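Peer 1: I am sharing model.txt, which consists of compact mmCIF, C-alpha atoms:
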# COMPACT_ATOMS: atom_id res chain seq x y z
CA MET H 83 -19.82 3.88 1.86
CA THR H 84 -19.69 0.18 2.78
CA THR H 85 -21.16 -1.23 5.98
CA MET H 86 -17.67 -1.89 7.32
CA ALA H 87 -16.62 1.68 6.55
CA ARG H 88 -19.69 3.02 8.34
CA ALA H 89 -18.90 0.87 11.35
CA GLU H 90 -15.30 2.10 11.42
CA GLU H 91 -16.46 5.69 11.04
CA GLY H 92 -18.98 5.19 13.85
CA THR H 93 -16.24 3.84 16.12
CA ARG H 94 -13.99 6.83 15.36
CA MET H 95 -16.80 9.28 16.04
CA THR H 96 -17.85 7.68 19.32
CA SER H 97 -14.28 7.77 20.56
CA GLY H 98 -14.31 11.55 20.16
CA MET H 99 -17.81 12.23 21.40
CA LYS H 100 -18.57 13.91 24.67
CA PRO H 101 -19.52 11.56 27.51
CA SER H 102 -22.85 13.39 27.74
CA THR H 103 -23.63 12.48 24.16
CA MET H 104 -22.53 8.87 24.47
CA ALA H 105 -24.55 8.37 27.64
CA VAL H 106 -27.70 10.07 26.45
CA GLY H 107 -30.02 8.25 28.80
CA ALA H 108 -27.67 7.48 31.64
CA ALA H 109 -26.66 11.07 32.25
CA GLY H 110 -30.07 12.57 31.52
CA GLY H 111 -32.72 14.02 33.73
CA CYS H 112 -34.36 10.70 34.63
CA GLY H 113 -32.74 10.52 38.03
CA CYS H 114 -34.50 7.46 39.38
CA LEU H 115 -33.40 5.20 36.56
CA ALA H 116 -30.47 2.98 37.40
CA LEU H 117 -27.39 3.32 35.20
CA PRO H 118 -27.92 0.04 33.31
CA VAL H 119 -31.41 1.16 32.31
CA GLY H 120 -30.09 4.54 31.23
CA VAL H 121 -27.51 2.83 29.04
CA THR H 122 -30.17 0.53 27.61
CA LEU H 123 -32.28 3.62 26.89
CA THR H 124 -29.33 5.13 25.05
CA ALA H 125 -29.04 2.07 22.82
CA ALA H 126 -32.77 2.01 22.20
CA VAL H 127 -33.13 5.65 21.23
CA LEU H 128 -30.13 5.41 18.93
CA LEU H 129 -31.78 2.48 17.18
CA ILE H 130 -35.04 4.37 16.80
CA VAL H 131 -33.50 7.45 15.19
CA GLY H 132 -32.43 5.24 12.29
CA GLY H 133 -29.37 6.90 10.79
CA LEU H 134 -27.80 7.23 14.23
CA GLY H 135 -28.33 3.52 14.74
CA VAL H 136 -26.13 2.80 11.71
CA LEU H 137 -23.56 5.45 12.51
CA LEU H 138 -23.09 4.31 16.10
CA LEU H 139 -23.70 0.63 15.43
CA PRO H 140 -20.56 -0.68 17.22
CA LEU H 141 -21.46 1.23 20.38
CA VAL H 142 -25.09 0.11 20.20
CA ILE H 143 -24.11 -3.55 19.79
CA ILE H 144 -21.81 -3.38 22.82
CA PHE H 145 -24.57 -1.85 24.93
CA MET H 146 -27.15 -4.36 23.74
CA ILE H 147 -24.94 -7.38 24.41
CA PHE H 148 -23.84 -6.11 27.81
CA HIS H 149 -27.41 -5.45 28.92
CA GLY H 150 -29.02 -8.56 27.51
CA LEU H 151 -30.94 -7.03 24.60
CA SER H 152 -31.67 -9.20 21.58
CA LEU H 153 -29.56 -8.55 18.49
CA SER H 154 -31.94 -10.23 16.04
CA GLY H 155 -33.44 -6.93 14.92
CA LEU H 156 -30.21 -5.20 14.02
CA GLY H 157 -30.55 -6.07 10.35
CA SER H 158 -33.55 -3.77 10.14
CA ILE H 159 -31.97 -0.73 11.78
CA GLY H 160 -32.81 2.35 9.78
CA HIS H 161 -35.33 0.44 7.67
CA VAL H 162 -38.74 2.01 7.38
CA ASN H 163 -41.74 0.60 5.61
CA ASP H 164 -42.09 2.34 2.27
CA ASP H 165 -45.84 2.96 2.43
CA LEU H 166 -45.69 6.48 3.84
CA THR H 167 -48.90 8.46 3.54
CA PRO H 168 -48.75 11.91 1.91
CA VAL H 169 -48.94 13.45 5.39
CA GLU H 170 -46.12 11.27 6.73
CA GLN H 171 -44.01 12.17 3.70
CA LEU H 172 -44.60 15.87 4.40
CA CYS H 173 -43.41 15.33 7.95
CA GLU H 174 -40.31 13.44 6.84
CA ASN H 175 -39.44 16.16 4.33
CA ALA H 176 -39.80 18.82 7.03
CA GLU H 177 -37.50 16.86 9.36
CA ARG H 178 -34.82 16.60 6.66
CA GLN H 179 -34.91 20.35 6.14
CA ARG H 180 -33.88 20.92 9.75
CA ASP H 181 -30.42 19.73 8.69
CA GLN H 182 -29.20 18.94 12.19
CA SER H 183 -25.99 17.08 12.90
CA ASP H 184 -26.09 13.52 14.19
CA GLN H 185 -24.67 14.73 17.49
CA GLN H 186 -27.39 17.37 17.85
CA ASN H 187 -30.05 14.78 17.01
CA ALA H 188 -28.60 12.44 19.63
CA GLU H 189 -28.62 15.19 22.24
CA ASP H 190 -32.22 16.12 21.36
CA VAL H 191 -33.32 12.50 21.57
CA GLY H 192 -31.61 12.08 24.93
CA ALA H 193 -33.17 15.22 26.37
CA ILE H 194 -36.64 14.18 25.22
CA ALA H 195 -36.29 10.53 26.24
CA THR H 196 -35.22 11.45 29.77
CA GLY H 197 -37.53 14.45 30.10
CA ASP H 198 -41.08 14.90 31.39
CA GLY H 199 -42.80 13.64 28.23
CA LEU H 200 -44.92 16.78 27.99
CA GLY H 201 -43.92 17.75 24.46
CA GLN H 202 -46.22 17.93 21.46
CA LEU H 203 -47.08 15.21 18.98
CA GLU H 204 -45.64 15.99 15.56
CA LEU H 205 -48.02 17.69 13.13
CA SER H 206 -47.49 18.13 9.42
CA PRO H 207 -46.72 21.38 7.61
CA PRO H 208 -49.00 22.21 4.66
CA ASP H 209 -47.99 20.99 1.23
CA ALA H 210 -47.25 23.27 -1.73
CA ASP H 211 -50.98 23.74 -2.33
CA GLY H 212 -51.65 24.61 1.29
CA ASN H 213 -53.28 21.25 2.05
CA ASN H 214 -52.69 18.54 4.68
CA GLY H 215 -51.34 20.94 7.29
CA ASN H 216 -51.66 20.24 11.04
CA GLN H 217 -52.29 16.54 10.52
CA PRO H 218 -50.82 14.00 12.97
CA CYS H 219 -47.58 12.49 11.72
CA THR H 220 -46.89 9.86 14.35
CA VAL H 221 -50.29 8.57 15.50
CA PRO H 222 -53.37 7.47 13.54
CA GLU H 223 -55.49 10.43 12.50
CA ASN H 224 -58.69 8.85 13.85
CA LEU H 225 -57.12 8.48 17.32
CA TYR H 226 -55.36 11.84 17.53
CA LYS H 227 -58.16 13.60 19.43
CA SER H 228 -58.57 10.68 21.83
CA ILE H 229 -54.83 10.74 22.57
CA GLU H 230 -54.83 14.52 23.01
CA ASP H 231 -57.85 14.32 25.33
CA ALA H 232 -56.31 11.51 27.39
CA GLY H 233 -53.12 13.53 27.65
CA GLY H 234 -55.02 16.50 28.99
CA ILE H 235 -56.67 14.84 31.98
CA CYS H 236 -53.90 15.80 34.38
CA ASP H 237 -50.73 17.87 34.25
CA VAL H 238 -48.32 14.93 34.69
CA ILE H 239 -49.45 12.97 31.64
CA GLY H 240 -49.32 14.48 28.16
CA PRO H 241 -50.25 13.18 24.68
CA VAL H 242 -46.67 12.11 23.92
CA ILE H 243 -46.70 9.84 26.99
CA ILE H 244 -50.07 8.37 25.98
CA ALA H 245 -48.89 7.72 22.42
CA ALA H 246 -45.48 6.34 23.47
CA GLN H 247 -47.09 3.94 25.92
CA ILE H 248 -49.51 2.70 23.26
CA GLN H 249 -46.63 2.19 20.84
CA TYR H 250 -44.73 0.19 23.43
CA GLU H 251 -47.72 -1.76 24.70
CA SER H 252 -49.47 -2.77 21.49
CA GLY H 253 -47.90 -1.07 18.48
CA PHE H 254 -51.31 0.60 17.97
CA ASP H 255 -53.01 -2.76 17.42
CA PRO H 256 -56.55 -2.30 18.82
CA LYS H 257 -57.10 -6.06 18.95
CA TYR H 258 -53.88 -6.87 20.80
CA VAL H 259 -53.96 -9.25 23.77
CA GLY H 260 -50.88 -9.19 25.97
CA SER H 261 -49.27 -12.27 27.46
CA ASN H 262 -50.75 -11.24 30.82
CA GLY H 263 -54.26 -11.20 29.35
CA ALA H 264 -54.64 -7.42 29.13
CA GLU H 265 -56.80 -6.46 26.16
CA GLY H 266 -56.82 -3.59 23.72
CA ILE H 267 -54.63 -0.87 22.35
CA SER H 268 -53.62 0.58 25.74
CA GLN H 269 -53.39 -2.71 27.65
CA VAL H 270 -55.27 -1.37 30.68
CA PRO H 271 -55.71 -4.25 33.16
CA ARG H 272 -59.20 -5.69 32.60
CA ASP H 273 -60.41 -5.13 36.18
CA VAL H 274 -59.23 -1.52 36.06
CA PHE H 275 -60.82 -0.97 32.65
CA THR H 276 -64.18 -2.29 33.86
CA LYS H 277 -64.01 -0.19 37.01
CA LEU H 278 -63.27 2.98 35.05
CA MET H 279 -65.47 2.44 32.00
CA GLY H 280 -68.29 0.16 33.20
CA ASN H 281 -69.30 -3.42 32.54
CA ASP H 282 -70.63 -2.71 29.05
CA ALA H 283 -67.47 -0.97 27.82
CA ASP H 284 -65.34 -2.67 25.18
CA PRO H 285 -61.57 -2.84 25.80
CA PHE H 286 -61.07 -3.48 22.08
CA ASP H 287 -62.62 -0.11 21.25
CA PRO H 288 -59.43 1.99 20.93
CA LYS H 289 -61.05 5.25 21.97
CA GLN H 290 -62.48 3.72 25.14
CA SER H 291 -59.16 2.03 25.85
CA ILE H 292 -57.22 5.30 25.45
CA LYS H 293 -59.64 7.18 27.69
CA ALA H 294 -59.23 4.52 30.37
CA GLN H 295 -55.44 4.68 29.93
CA GLY H 296 -55.31 8.43 30.52
CA THR H 297 -57.65 8.22 33.51
CA TYR H 298 -55.71 5.35 35.06
CA LEU H 299 -52.32 7.01 34.56
CA CYS H 300 -53.59 10.19 36.20
CA GLU H 301 -55.06 8.25 39.13
CA LEU H 302 -51.74 6.49 39.60
CA ALA H 303 -49.83 9.78 39.35
CA GLY H 304 -52.04 11.23 42.08
CA GLN H 305 -51.43 8.22 44.30
CA VAL H 306 -47.69 8.40 43.64
CA LYS H 307 -47.62 12.07 44.61
CA ASP H 308 -49.46 11.26 47.81
CA LEU H 309 -46.90 8.58 48.65
CA GLU H 310 -44.09 11.06 47.94
CA ASP H 311 -45.70 13.67 50.17
CA ARG H 312 -45.71 11.10 52.96
CA ASN H 313 -42.06 10.19 52.28
CA MET H 314 -43.06 6.63 51.42
CA VAL H 315 -41.49 6.65 47.94
CA THR H 316 -38.82 8.70 46.21
CA GLY H 317 -38.10 9.25 42.55
CA ASN H 318 -39.39 10.80 39.37
CA VAL H 319 -43.21 10.94 39.43
CA LEU H 320 -43.58 9.88 35.81
CA ASP H 321 -41.25 6.90 36.22
CA LEU H 322 -43.03 5.84 39.39
CA THR H 323 -46.38 6.17 37.59
CA LEU H 324 -45.26 4.09 34.62
CA ALA H 325 -43.84 1.45 36.95
CA ALA H 326 -47.13 1.36 38.86
CA TYR H 327 -49.05 0.93 35.58
CA ASP H 328 -46.92 -2.10 34.76
CA VAL H 329 -46.14 -3.85 38.04
CA GLY H 330 -48.71 -2.27 40.36
CA LEU H 331 -48.68 0.54 42.90
CA ASP H 332 -48.14 -1.91 45.77
CA ALA H 333 -44.84 -3.01 44.22
CA VAL H 334 -43.73 0.61 43.91
CA GLU H 335 -44.70 1.33 47.51
CA GLN H 336 -42.95 -1.79 48.77
CA ALA H 337 -39.78 -0.85 46.86
CA LYS H 338 -40.07 2.75 48.10
CA GLY H 339 -39.54 3.84 44.50
CA VAL H 340 -39.12 2.22 41.11
CA PRO H 341 -38.63 -1.51 41.78
CA ALA H 342 -35.12 -2.67 40.94
CA THR H 343 -36.54 -5.43 38.75
CA ASP H 344 -35.89 -6.12 35.09
CA GLU H 345 -39.60 -5.81 34.29
CA ALA H 346 -40.15 -2.41 35.90
CA GLN H 347 -36.87 -0.92 34.65
CA ARG H 348 -37.39 -2.15 31.09
CA TYR H 349 -40.95 -0.88 31.05
CA ILE H 350 -39.92 2.67 31.88
CA THR H 351 -37.10 2.51 29.35
CA GLY H 352 -39.39 1.04 26.72
CA VAL H 353 -42.02 3.76 27.01
CA ARG H 354 -39.49 6.59 27.18
CA THR H 355 -37.75 5.25 24.09
CA TRP H 356 -40.75 6.32 22.00
CA PHE H 357 -41.01 9.91 23.29
CA ALA H 358 -38.67 11.42 20.68
CA PRO H 359 -40.18 9.56 17.70
CA MET H 360 -43.64 10.73 18.76
CA GLU H 361 -42.38 14.31 18.70
CA GLY H 362 -40.96 13.84 15.22
CA ILE H 363 -37.33 12.81 15.52
CA GLY H 364 -36.71 9.83 13.28
CA PRO H 365 -39.08 7.89 11.02
CA PRO H 366 -42.79 7.57 11.82
CA PRO H 367 -42.89 5.15 14.79
CA ARG H 368 -45.64 2.94 13.40
CA LYS H 369 -43.70 2.49 10.14
CA LEU H 370 -40.46 1.30 11.74
CA ALA H 371 -39.49 -2.32 11.34
CA ASP H 372 -40.35 -4.35 14.44
CA ILE H 373 -37.24 -4.31 16.63
CA PRO H 374 -37.16 -6.76 19.57
CA ASP H 375 -37.18 -5.29 23.08
CA LEU H 376 -38.91 -2.12 21.90
CA ARG H 377 -42.32 -3.65 22.50
CA HIS H 378 -43.67 -4.80 25.86
CA ASN H 379 -43.26 -8.56 26.34
CA GLY H 380 -41.27 -8.54 23.12
CA GLY H 381 -44.48 -8.22 21.13
CA VAL H 382 -45.12 -11.94 21.54
CA GLY H 383 -48.57 -11.74 23.11
CA PRO H 384 -51.22 -13.64 21.16
CA SER H 385 -53.09 -11.56 18.62
CA ALA H 386 -56.66 -10.80 19.55
CA SER H 387 -57.80 -11.28 15.97
CA SER H 388 -59.39 -14.53 17.09
CA SER H 389 -60.64 -13.05 20.35
CA PRO H 390 -64.15 -11.75 20.91
CA SER H 391 -64.49 -8.09 19.97
Let me see the file written as structure tokens.

Peer 2:
Amino acid sequence: MTTMARAEEGTRMTSGMKPSTMAVGAAGGCGCLALPVGVTLTAAVLLIVGGLGVLLLPLVIIFMIFHGLSLSGLGSIGHVNDDLTPVEQLCENAERQRDQSDQQNAEDVGAIATGDGLGQLELSPPDADGNNGNQPCTVPENLYKSIEDAGGICDVIGPVIIAAQIQYESGFDPKYVGSNGAEGISQVPRDVFTKLMGNDADPFDPKQSIKAQGTYLCELAGQVKDLEDRNMVTGNVLDLTLAAYDVGLDAVEQAKGVPATDEAQRYITGVRTWFAPMEGIGPPPRKLADIPDLRHNGGVGPSASSSPS
């Protein structure tokens, strides 16, 4: 089928789809997100799933243009790097065997993206010889335990949230330096990292960075709950926590909820976009082509490869 034919087919299908399917993020359970952010989330998760991004390309383009998202990455929709590991290939084969419709995939993605983030990271089935089972599909094997541990510190933050935030913040680059100067794989603010981990800790050590990330998120979640109990903020605790991680708890308190700013809204959308891929819907997240607006600060922060480690 030609690209034009796919586009026409996508347009026909979207015209007959249920509003709940077309507005995956906007109509989901993430009540504190404004409608524009929900629509942006819809476009983002459709892009991530790959095949859906092609099928619903006309709808995605409209959403992206209307909400100011860059279109420069559209040429790579559905493209995945070819260097899948044997474990990742096992995971991809298992996903194909589920044989779900595009609409069901879209509904699953929407439910996960707007949910509590407390699902499970995808693990591989064993191969024909009984090997390579229960291996992480969507995060590096050497960081799986650290991510699981960080996601077990409190009941609001799970491993999927930890992994999705890392994917959005740094793309799992342990030497990444953000445009705001934050260092390391989890982009914990340097003063917070030092306070939590000590003066001798190394923010470029991914395991230390992830531990600090989980601890900090749980501290923020506790502070958010306290503010809610005192009727000082309203909204979804996870969204408020993610906003506080990005723009600060003071900004959340001053706004009495998620700040109605582009930065805070995009941050929540950006992290939530990666929930479903981390659970195993779509290609392995770290193997997807780099799509603008699905990385914090657009992924333009200077590399830390020349920074002290």

Peer 1: Excluding same-chain residues fewer than 2 positions from range 325-337 of chain H, what lies within 10 Å of it counting all atoms listed in the file, as a short mmCIF file (atom, residue, chain, number, x, y, z; two decimals) with C-alpha atoms, in the coordinates of the input?

Peer 2:
data_model
loop_
_atom_site.label_atom_id
_atom_site.label_comp_id
_atom_site.auth_asym_id
_atom_site.auth_seq_id
_atom_site.Cartn_x
_atom_site.Cartn_y
_atom_site.Cartn_z
CA GLN H 269 -53.39 -2.71 27.65
CA VAL H 270 -55.27 -1.37 30.68
CA PRO H 271 -55.71 -4.25 33.16
CA GLN H 295 -55.44 4.68 29.93
CA TYR H 298 -55.71 5.35 35.06
CA LEU H 299 -52.32 7.01 34.56
CA LEU H 302 -51.74 6.49 39.60
CA ALA H 303 -49.83 9.78 39.35
CA GLN H 305 -51.43 8.22 44.30
CA VAL H 306 -47.69 8.40 43.64
CA LEU H 309 -46.90 8.58 48.65
CA GLU H 310 -44.09 11.06 47.94
CA MET H 314 -43.06 6.63 51.42
CA VAL H 315 -41.49 6.65 47.94
CA THR H 316 -38.82 8.70 46.21
CA VAL H 319 -43.21 10.94 39.43
CA LEU H 320 -43.58 9.88 35.81
CA ASP H 321 -41.25 6.90 36.22
CA LEU H 322 -43.03 5.84 39.39
CA THR H 323 -46.38 6.17 37.59
CA GLY H 339 -39.54 3.84 44.50
CA VAL H 340 -39.12 2.22 41.11
CA PRO H 341 -38.63 -1.51 41.78
CA ALA H 342 -35.12 -2.67 40.94
CA THR H 343 -36.54 -5.43 38.75
CA GLU H 345 -39.60 -5.81 34.29
CA ALA H 346 -40.15 -2.41 35.90
CA GLN H 347 -36.87 -0.92 34.65
CA ARG H 348 -37.39 -2.15 31.09
CA TYR H 349 -40.95 -0.88 31.05
CA ILE H 350 -39.92 2.67 31.88
CA HIS H 378 -43.67 -4.80 25.86
#

Peer 1: Using all atoms listed in the file, find each residue in range 200-307 of chain H having at least one atom no more than 7 Å away from range 360-368 of chain H; report its shortest atom-to-atom pair and that distance in Å (one decimal), rows by chain then rising number, as a tab-separated table.

Peer 2:
residue	atom	partner	partner_atom	distance
H:Gly201	CA	H:Glu361	CA	6.9
H:Gln202	CA	H:Glu361	CA	6.0
H:Leu203	CA	H:Glu361	CA	4.8
H:Glu204	CA	H:Glu361	CA	4.8
H:Cys219	CA	H:Pro366	CA	6.9
H:Thr220	CA	H:Pro366	CA	5.3
H:Val242	CA	H:Met360	CA	6.1
H:Ala246	CA	H:Met360	CA	6.7
H:Gly253	CA	H:Arg368	CA	6.9

Peer 1: Could you save those same residues with C-alpha atoms as a PDB file, in the frame of the given file?

Peer 2:
ATOM      1  CA  GLY H 201     -43.920  17.750  24.460  1.00  0.00           C
ATOM      2  CA  GLN H 202     -46.220  17.930  21.460  1.00  0.00           C
ATOM      3  CA  LEU H 203     -47.080  15.210  18.980  1.00  0.00           C
ATOM      4  CA  GLU H 204     -45.640  15.990  15.560  1.00  0.00           C
ATOM      5  CA  CYS H 219     -47.580  12.490  11.720  1.00  0.00           C
ATOM      6  CA  THR H 220     -46.890   9.860  14.350  1.00  0.00           C
ATOM      7  CA  VAL H 242     -46.670  12.110  23.920  1.00  0.00           C
ATOM      8  CA  ALA H 246     -45.480   6.340  23.470  1.00  0.00           C
ATOM      9  CA  GLY H 253     -47.900  -1.070  18.480  1.00  0.00           C
TER      10      GLY H 253
END

Peer 1: State, in Å with one decimal place, the distance from CA of Leu278 in chain H to CA of Arg354 in chain H.

Peer 2: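 Spanning CA of Leu278 in chain H to CA of Arg354 in chain H is a straight-line distance of 25.3 Å.
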
Peer 1: Hey, which of H:Ser206, H:Ser268, H:Gln185, H:Gln217 ends up closest to Ile243 in chain H? Count only C-alpha atoms.

Peer 2: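 The shortest atom-to-atom distance to Ile243 in chain H comes from H:Ser268.
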
Peer 1: Grab the CA of Pro208 in chain H to CA of Arg180 in chain H distance for me, in Å with one decimal place.

Peer 2: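 Taking CA of Pro208 in chain H as the start and CA of Arg180 in chain H as the end point, the length is 16.0 Å.
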
Peer 1: Would you mind reading off the distance between CA of Ile267 in chain H and CA of Phe286 in chain H, one decimal, in Å?

Peer 2: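 Interatomic distance here is 7.0 Å.
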
Peer 1: Considering all atoms listed in the file, state which residue in the set H:Cys300, H:Cys236, H:Leu225, H:Val259 is at the smallest distance from Pro285 in chain H.

Peer 2: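 Checking each candidate against Pro285 in chain H, we get H:Val259 as the closest.
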